[in-house]
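K.L.:
Here's a structure for you.
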Amino acid sequence: MTAIGTSQAGNNLDPWYHHYAERAAALRASEVRALFAVASRPEVVSLAGGMPYVAALPQDLVINAMDSVMRKQGPVALQYGSGQGVPLFREQILEVMALEGIRANADDVVVTTGSQHALELVSKLFLDPGDVVIAEGPSYVTAMVIFKSYQADVDHVPMDEHGMIPEALREHIARLAADGRKIKFLYTIPSFHNPAGVTLSWARRLEILEIAKTNQILVLEDNPYGLLYFDQKAPDAMRSIERDGVVYLGTFSKTLAPGFRVGWALAPHAIREKLVLANEAAVLSPSSFSQLVISEYLSTADWKGQINTFRGVYRERKNAMLSALTEYLPELTWTNPNGGFYVWLSLPDTLDSKAMLPRAVKELVAYTPGTAFFADGQGRQNMRLSFCYPTPEHIRLGIRRLATVIRDELELLDTFAGTGSLFPAHDGRRFGAPPPDIN
Ligand SMILES: Cc1ncc(COP(=O)(O)O)c(C=O)c1O
């Protein structure tokens, strides 16, 4: 931490360099951002972003809902609204959550400007400088930016193919307690994880909730992808098991479209009251227009059928990615998601996904290096590959290019460092593959 007046948030070309609050230091452009600007050129196959394929949503469905809202209740749609969200809309959100086993009261729902904003509000309510947020390792990058902007530290608990490992969670809690650290909440993405692509098993959901309860740790369950399963539904939400110790976050960004910027938090009553006040302080009220249009869409369109359409699109793309990986990079390991947008690839130990990215972009393929998803520098031997946006043909082309980049890099290393093998063995058991003695 720097002394007051010497904040490191800006840079020397910025006349306000010494004026920023310390928390602004966390709001730094990532080192790979400039590369992603290049990666957005059409000739580059981007497996980096997490944009939903909104072209699979018939525009007429949205146009009809907008038209009807403007004709029937234009002045209301264009006006400020309640800081908690439109009451009828909150009732409809209950129907969406019921699909994942959640029984709740509309009074405990707070509509937010995307679930991203709910993450911001919960962090604002709970985090002081020096607090700890426990999260999976890896975890959602932009949640960690928020936690760090409130000057909290992120403690990563390792995962395997069944999600966060309960025994490791116990160890981390005990170590943090012994160090006198204050754990404010456990942030988890249990279904079709971003970026790992894995799903927390039902047994582990029960066990992790029990651990959290015993240690009086609030659980922040972030669930943007739960309804986007391919063949098998995810287990019911953690909030369906435990209501008092869980703040649940949902969104319409992936099941409808992110352009509406509408998400929600379902919280225990006392937290809900504070969330509404924080929401009002931040935005006065969430967009009346977006809420009413989605509400109309939910009342008149086949929204469950539309979610099925999305599921079909993403299933096909995931299959394209996995079969291309099997064909072009059979020596490597990756996760096999049963929903969502992402595959987590493990590289041989000698490779560094961040260092390799410029070469990949030069070869016209982009990915997100694993380091982006850890607060502590892990993840060099991993990358996140998104299959949500490119077509199956482009996914195949992208993986073919990636395989060339990886092989060239390994050959180069072999020439100069004599690693002895193009695919040295590595510990792919846990994600992030830290040296065993670190865990
Ligand atoms: C895990 C996770 N949480 C939250 C968000 C934010 O979504 P939104 O603000 O669009 O609801 C995303 C977006 O990709 C995400 O992947």
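Residues in the structure tokens are numbered from 1 in each chain, the chains being A, B, ... in the order shown, and ligands are numbered from 1 in the order shown.
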Do you know which residues are within 9 Å of ligand 1 using only C-alpha atoms and all ligand atoms? Can you write them as an NGL selection string?
P.N.:
:A and (49-52 or 112-119 or 139-143 or 188-189 or 193-195 or 222-225 or 249-254 or 257-264 or 341)
K.L.:
Using only C-alpha atoms, which residues sit within 7 Å of Leu218 of chain A once same-chain residues fewer than 2 positions away are excluded, as a list in words?
P.N.:
Lys184, Phe185, Leu186, Ala212, Gln216, Leu220, Gly245 and Val246 of chain A
K.L.:
Write out as a PyMOL selection string the set of residues from segment 255-381 of chain A that DSSP, computed on the backbone, places in helix (DSSP H, G or I).
P.N.:
chain A and resi 258-260+269-283+288-300+303-328+353-362+370-373
K.L.:
Give me the residues within 12 Å of Ala372 of chain A as a list in words, counting only C-alpha atoms and dropping any in the same chain fewer than 6 places off.
P.N.:
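Skipping anything fewer than 6 positions along the chain leaves Ala29, Ser30, Glu31, Val32, Arg33, Ala48, Gly137, Pro138, Ser139, Tyr140, Val141, Thr142, Ala143, Met144, Val145, Asn194, Pro195, Ser353, Lys354, Gln378, Gly379, Arg380, Gln381, Asn382, Met383, Arg384 and Gly432 of chain A.
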K.L.:
May I have all residues of segment 30-261 of chain A that DSSP, computed from the backbone, assigns to strand (DSSP E), given as an MDAnalysis selection string?
P.N.:
chainID A and resid 45:46 109:112 132:137 153:160 163:164 183:188 218:222 246:251
K.L.:
Restricting it to N, CA and C atoms, dump the selection as an mmCIF file, in the first residue's frame.
P.N.:
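Below is the file selection_12.cif, written as the result:
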data_model
loop_
_atom_site.group_PDB
_atom_site.id
_atom_site.type_symbol
_atom_site.label_atom_id
_atom_site.label_comp_id
_atom_site.auth_asym_id
_atom_site.auth_seq_id
_atom_site.Cartn_x
_atom_site.Cartn_y
_atom_site.Cartn_z
ATOM 1 N N VAL A 45 -8.984 -15.455 -35.904
ATOM 2 C CA VAL A 45 -10.019 -16.256 -35.240
ATOM 3 C C VAL A 45 -9.861 -16.013 -33.748
ATOM 4 N N SER A 46 -10.842 -15.364 -33.150
ATOM 5 C CA SER A 46 -10.729 -15.077 -31.727
ATOM 6 C C SER A 46 -11.438 -16.137 -30.893
ATOM 7 N N VAL A 109 -35.587 -10.132 -4.358
ATOM 8 C CA VAL A 109 -34.852 -9.963 -5.624
ATOM 9 C C VAL A 109 -34.555 -8.482 -5.847
ATOM 10 N N VAL A 110 -33.328 -8.188 -6.253
ATOM 11 C CA VAL A 110 -32.957 -6.816 -6.620
ATOM 12 C C VAL A 110 -32.463 -6.844 -8.062
ATOM 13 N N VAL A 111 -33.087 -6.065 -8.934
ATOM 14 C CA VAL A 111 -32.669 -6.026 -10.335
ATOM 15 C C VAL A 111 -31.462 -5.094 -10.446
ATOM 16 N N THR A 112 -30.451 -5.550 -11.190
ATOM 17 C CA THR A 112 -29.212 -4.763 -11.318
ATOM 18 C C THR A 112 -28.854 -4.582 -12.787
ATOM 19 N N VAL A 132 -10.367 -10.714 2.757
ATOM 20 C CA VAL A 132 -10.072 -11.796 1.811
ATOM 21 C C VAL A 132 -11.374 -12.294 1.176
ATOM 22 N N VAL A 133 -11.331 -12.497 -0.133
ATOM 23 C CA VAL A 133 -12.397 -13.208 -0.841
ATOM 24 C C VAL A 133 -11.813 -14.544 -1.270
ATOM 25 N N ILE A 134 -12.484 -15.621 -0.895
ATOM 26 C CA ILE A 134 -12.055 -16.932 -1.387
ATOM 27 C C ILE A 134 -12.745 -17.168 -2.723
ATOM 28 N N ALA A 135 -11.981 -17.626 -3.701
ATOM 29 C CA ALA A 135 -12.549 -17.891 -5.032
ATOM 30 C C ALA A 135 -11.906 -19.153 -5.589
ATOM 31 N N GLU A 136 -12.558 -19.719 -6.598
ATOM 32 C CA GLU A 136 -11.919 -20.846 -7.252
ATOM 33 C C GLU A 136 -10.639 -20.376 -7.948
ATOM 34 N N GLY A 137 -9.723 -21.280 -8.142
ATOM 35 C CA GLY A 137 -8.539 -20.974 -8.951
ATOM 36 C C GLY A 137 -8.553 -21.899 -10.143
ATOM 37 N N ASP A 153 -7.984 -9.073 -0.949
ATOM 38 C CA ASP A 153 -7.107 -10.065 -1.571
ATOM 39 C C ASP A 153 -7.939 -11.271 -1.978
ATOM 40 N N VAL A 154 -7.582 -11.858 -3.107
ATOM 41 C CA VAL A 154 -8.279 -13.068 -3.564
ATOM 42 C C VAL A 154 -7.426 -14.279 -3.204
ATOM 43 N N ASP A 155 -8.032 -15.239 -2.518
ATOM 44 C CA ASP A 155 -7.345 -16.482 -2.161
ATOM 45 C C ASP A 155 -7.949 -17.599 -3.015
ATOM 46 N N HIS A 156 -7.116 -18.195 -3.858
ATOM 47 C CA HIS A 156 -7.636 -19.203 -4.791
ATOM 48 C C HIS A 156 -7.618 -20.602 -4.194
ATOM 49 N N VAL A 157 -8.754 -21.261 -4.212
ATOM 50 C CA VAL A 157 -8.835 -22.669 -3.803
ATOM 51 C C VAL A 157 -8.836 -23.513 -5.078
ATOM 52 N N PRO A 158 -7.963 -24.528 -5.150
ATOM 53 C CA PRO A 158 -7.864 -25.296 -6.394
ATOM 54 C C PRO A 158 -9.139 -26.076 -6.722
ATOM 55 N N MET A 159 -9.257 -26.374 -8.017
ATOM 56 C CA MET A 159 -10.405 -27.136 -8.517
ATOM 57 C C MET A 159 -9.888 -28.380 -9.225
ATOM 58 N N ASP A 160 -10.764 -29.338 -9.413
ATOM 59 C CA ASP A 160 -10.502 -30.427 -10.352
ATOM 60 C C ASP A 160 -11.729 -30.531 -11.249
ATOM 61 N N GLY A 163 -15.074 -29.379 -9.836
ATOM 62 C CA GLY A 163 -15.188 -28.047 -9.233
ATOM 63 C C GLY A 163 -14.258 -27.867 -8.044
ATOM 64 N N MET A 164 -14.580 -26.879 -7.200
ATOM 65 C CA MET A 164 -13.720 -26.564 -6.054
ATOM 66 C C MET A 164 -13.555 -27.792 -5.158
ATOM 67 N N ILE A 183 -12.112 -13.344 6.308
ATOM 68 C CA ILE A 183 -12.705 -13.824 5.049
ATOM 69 C C ILE A 183 -14.110 -13.241 4.956
ATOM 70 N N LYS A 184 -14.396 -12.486 3.904
ATOM 71 C CA LYS A 184 -15.710 -11.844 3.815
ATOM 72 C C LYS A 184 -16.728 -12.679 3.037
ATOM 73 N N PHE A 185 -16.299 -13.315 1.970
ATOM 74 C CA PHE A 185 -17.216 -14.256 1.319
ATOM 75 C C PHE A 185 -16.465 -15.226 0.432
ATOM 76 N N LEU A 186 -17.201 -16.253 0.039
ATOM 77 C CA LEU A 186 -16.683 -17.266 -0.887
ATOM 78 C C LEU A 186 -17.381 -17.030 -2.219
ATOM 79 N N TYR A 187 -16.609 -16.638 -3.229
ATOM 80 C CA TYR A 187 -17.177 -16.364 -4.549
ATOM 81 C C TYR A 187 -17.048 -17.617 -5.401
ATOM 82 N N THR A 188 -18.165 -18.091 -5.937
ATOM 83 C CA THR A 188 -18.106 -19.330 -6.725
ATOM 84 C C THR A 188 -18.996 -19.261 -7.965
ATOM 85 N N LEU A 218 -20.170 -16.152 4.105
ATOM 86 C CA LEU A 218 -21.242 -15.941 3.134
ATOM 87 C C LEU A 218 -20.813 -16.518 1.783
ATOM 88 N N VAL A 219 -21.744 -17.135 1.061
ATOM 89 C CA VAL A 219 -21.442 -17.669 -0.275
ATOM 90 C C VAL A 219 -22.054 -16.738 -1.318
ATOM 91 N N LEU A 220 -21.233 -16.335 -2.282
ATOM 92 C CA LEU A 220 -21.710 -15.512 -3.400
ATOM 93 C C LEU A 220 -21.727 -16.421 -4.625
ATOM 94 N N GLU A 221 -22.933 -16.857 -4.991
ATOM 95 C CA GLU A 221 -23.093 -17.832 -6.088
ATOM 96 C C GLU A 221 -23.395 -17.078 -7.376
ATOM 97 N N ASP A 222 -22.483 -17.120 -8.333
ATOM 98 C CA ASP A 222 -22.634 -16.396 -9.592
ATOM 99 C C ASP A 222 -22.993 -17.413 -10.676
ATOM 100 N N VAL A 246 -26.531 -17.538 1.407
ATOM 101 C CA VAL A 246 -26.140 -17.420 -0.009
ATOM 102 C C VAL A 246 -26.721 -16.160 -0.625
ATOM 103 N N VAL A 247 -25.878 -15.403 -1.312
ATOM 104 C CA VAL A 247 -26.368 -14.363 -2.222
ATOM 105 C C VAL A 247 -26.207 -14.937 -3.623
ATOM 106 N N TYR A 248 -27.315 -15.005 -4.341
ATOM 107 C CA TYR A 248 -27.327 -15.637 -5.666
ATOM 108 C C TYR A 248 -27.392 -14.558 -6.746
ATOM 109 N N LEU A 249 -26.578 -14.696 -7.791
ATOM 110 C CA LEU A 249 -26.609 -13.725 -8.900
ATOM 111 C C LEU A 249 -27.042 -14.397 -10.195
ATOM 112 N N GLY A 250 -27.979 -13.769 -10.896
ATOM 113 C CA GLY A 250 -28.430 -14.260 -12.200
ATOM 114 C C GLY A 250 -28.382 -13.138 -13.222
ATOM 115 N N THR A 251 -28.588 -13.497 -14.483
ATOM 116 C CA THR A 251 -28.502 -12.484 -15.543
ATOM 117 C C THR A 251 -29.291 -12.929 -16.771
#
K.L.:
What's the 12 Å shell around Ala55 of chain A, counting only C-alpha atoms, without same-chain residues fewer than 2 positions away, as number ranges by chain?
P.N.:
A: 51-53, 57-60, 62, 256-257, 306, 309-310, 313, 388-391
K.L.:
Next, dump the selected residues to file, keeping only C-alpha atoms, as a PDB file, in the first residue's frame.
P.N.:
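To be explicit, this is the file written out as result-v3.pdb:
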ATOM      1  CA  MET A  51     -19.573 -12.733 -26.264  1.00  0.00           C
ATOM      2  CA  PRO A  52     -22.842 -14.638 -26.552  1.00  0.00           C
ATOM      3  CA  TYR A  53     -23.953 -15.466 -30.097  1.00  0.00           C
ATOM      4  CA  LEU A  57     -31.945 -14.655 -31.169  1.00  0.00           C
ATOM      5  CA  PRO A  58     -34.572 -13.749 -33.806  1.00  0.00           C
ATOM      6  CA  GLN A  59     -34.661  -9.945 -33.914  1.00  0.00           C
ATOM      7  CA  ASP A  60     -38.419  -9.935 -34.355  1.00  0.00           C
ATOM      8  CA  VAL A  62     -37.125  -8.218 -29.459  1.00  0.00           C
ATOM      9  CA  LEU A 256     -31.362 -13.477 -23.911  1.00  0.00           C
ATOM     10  CA  ALA A 257     -28.866 -10.699 -24.726  1.00  0.00           C
ATOM     11  CA  GLN A 306     -35.119 -19.765 -27.219  1.00  0.00           C
ATOM     12  CA  THR A 309     -31.932 -22.826 -29.397  1.00  0.00           C
ATOM     13  CA  PHE A 310     -28.915 -21.241 -27.689  1.00  0.00           C
ATOM     14  CA  VAL A 313     -25.780 -23.562 -30.969  1.00  0.00           C
ATOM     15  CA  CYS A 388     -19.437 -19.204 -27.926  1.00  0.00           C
ATOM     16  CA  TYR A 389     -18.945 -16.741 -30.755  1.00  0.00           C
ATOM     17  CA  PRO A 390     -17.019 -18.164 -33.758  1.00  0.00           C
ATOM     18  CA  THR A 391     -18.695 -20.572 -36.153  1.00  0.00           C
TER      19      THR A 391
END
K.L.:
For Glu316 of chain A, which residue out of A:Ile271, A:Val343, A:Phe387, A:Pro330 is the nearest one, using only C-alpha atoms?
P.N.:
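Comparing A:Ile271, A:Val343, A:Phe387, A:Pro330 against Glu316 of chain A, the winner is A:Phe387.
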K.L.:
Work out how far apart atom CA of Leu47 of chain A and atom CA of Ala366 of chain A are and give it in Å to one decimal.
P.N.:
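Spanning atom CA of Leu47 of chain A to atom CA of Ala366 of chain A is a straight-line distance of 5.5 Å.
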K.L.:
Find the residues near Val198 of chain A: any atom within 6 Å, counting only C-alpha atoms, skip ones fewer than 6 places away on the same chain, and give them as a CSV table (one decimal) with C-alpha atoms, in the first residue's frame.
P.N.:
chain,number,residue,atom,x,y,z
A,161,GLU,CA,-13.0,-31.7,-12.9
A,163,GLY,CA,-15.2,-28.0,-9.2
A,192,PHE,CA,-20.2,-24.4,-16.3
A,337,PRO,CA,-17.7,-28.7,-20.4
K.L.:
Which neighbours of Tyr150 of chain A fall inside 12 Å, counting only C-alpha atoms, when residues of the same chain fewer than 5 positions from it are skipped, and could you give them as a list in words?
P.N.:
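Close residues of Tyr150 of chain A: Ala21, Glu22, Arg23, Ala24, Ala25, Ala26, Leu27, Leu119, Glu120, Leu121, Val122, Ser123, Lys124, Leu125, Phe126, Leu127, Asp128, Pro129, Gly130, Asp131, Val132, Val133, Ala143, Met144, Val145 and Lys184 of chain A.
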K.L.:
For Leu94 of chain A, which residue out of A:Ala106, A:Leu325, A:Leu206, A:Ala237 is the nearest one, using only C-alpha atoms?
P.N.:
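Checking each candidate against Leu94 of chain A, we get A:Ala106 as the closest.
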K.L.:
Could you name the residues that touch Ile211 of chain A at 8 Å or less, counting only C-alpha atoms, but leaving out those on the same chain fewer than 3 positions away, as a list in words?
P.N.:
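Listing them by chain and then by number gives Pro166, Arg170, Glu207, Ile208, Thr214 and Asn215 of chain A.
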K.L.:
Save the residues we just selected, N, CA and C atoms, as a tab-separated table (two decimals), in the first residue's frame?
P.N.:
chain	number	residue	atom	x	y	z
A	166	PRO	N	-13.34	-29.49	-1.76
A	166	PRO	CA	-13.73	-29.13	-0.38
A	166	PRO	C	-12.59	-29.24	0.63
A	170	ARG	N	-11.16	-26.30	3.16
A	170	ARG	CA	-10.96	-26.37	4.62
A	170	ARG	C	-9.56	-25.92	5.00
A	207	GLU	N	-21.36	-30.11	0.54
A	207	GLU	CA	-20.21	-30.07	1.44
A	207	GLU	C	-19.66	-28.64	1.59
A	208	ILE	N	-19.59	-27.93	0.48
A	208	ILE	CA	-19.03	-26.57	0.53
A	208	ILE	C	-19.97	-25.64	1.30
A	214	THR	N	-20.37	-23.61	8.75
A	214	THR	CA	-19.59	-23.87	9.98
A	214	THR	C	-18.65	-22.70	10.27
A	215	ASN	N	-18.09	-22.13	9.21
A	215	ASN	CA	-17.11	-21.05	9.40
A	215	ASN	C	-17.72	-19.66	9.26
K.L.:
Let me make sure I understand: among A:Phe36, A:Ser240, A:Asp67, A:Ala177, which one has the smallest atom-to-atom distance to Met97 of chain A if we use only C-alpha atoms?
P.N.:
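Checking each candidate against Met97 of chain A, we get A:Ser240 as the closest.
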K.L.:
Find the distance between atom CA of Gly339 of chain A and atom CA of Trp202 of chain A and write it in Å to one decimal.
P.N.:
15.8 Å
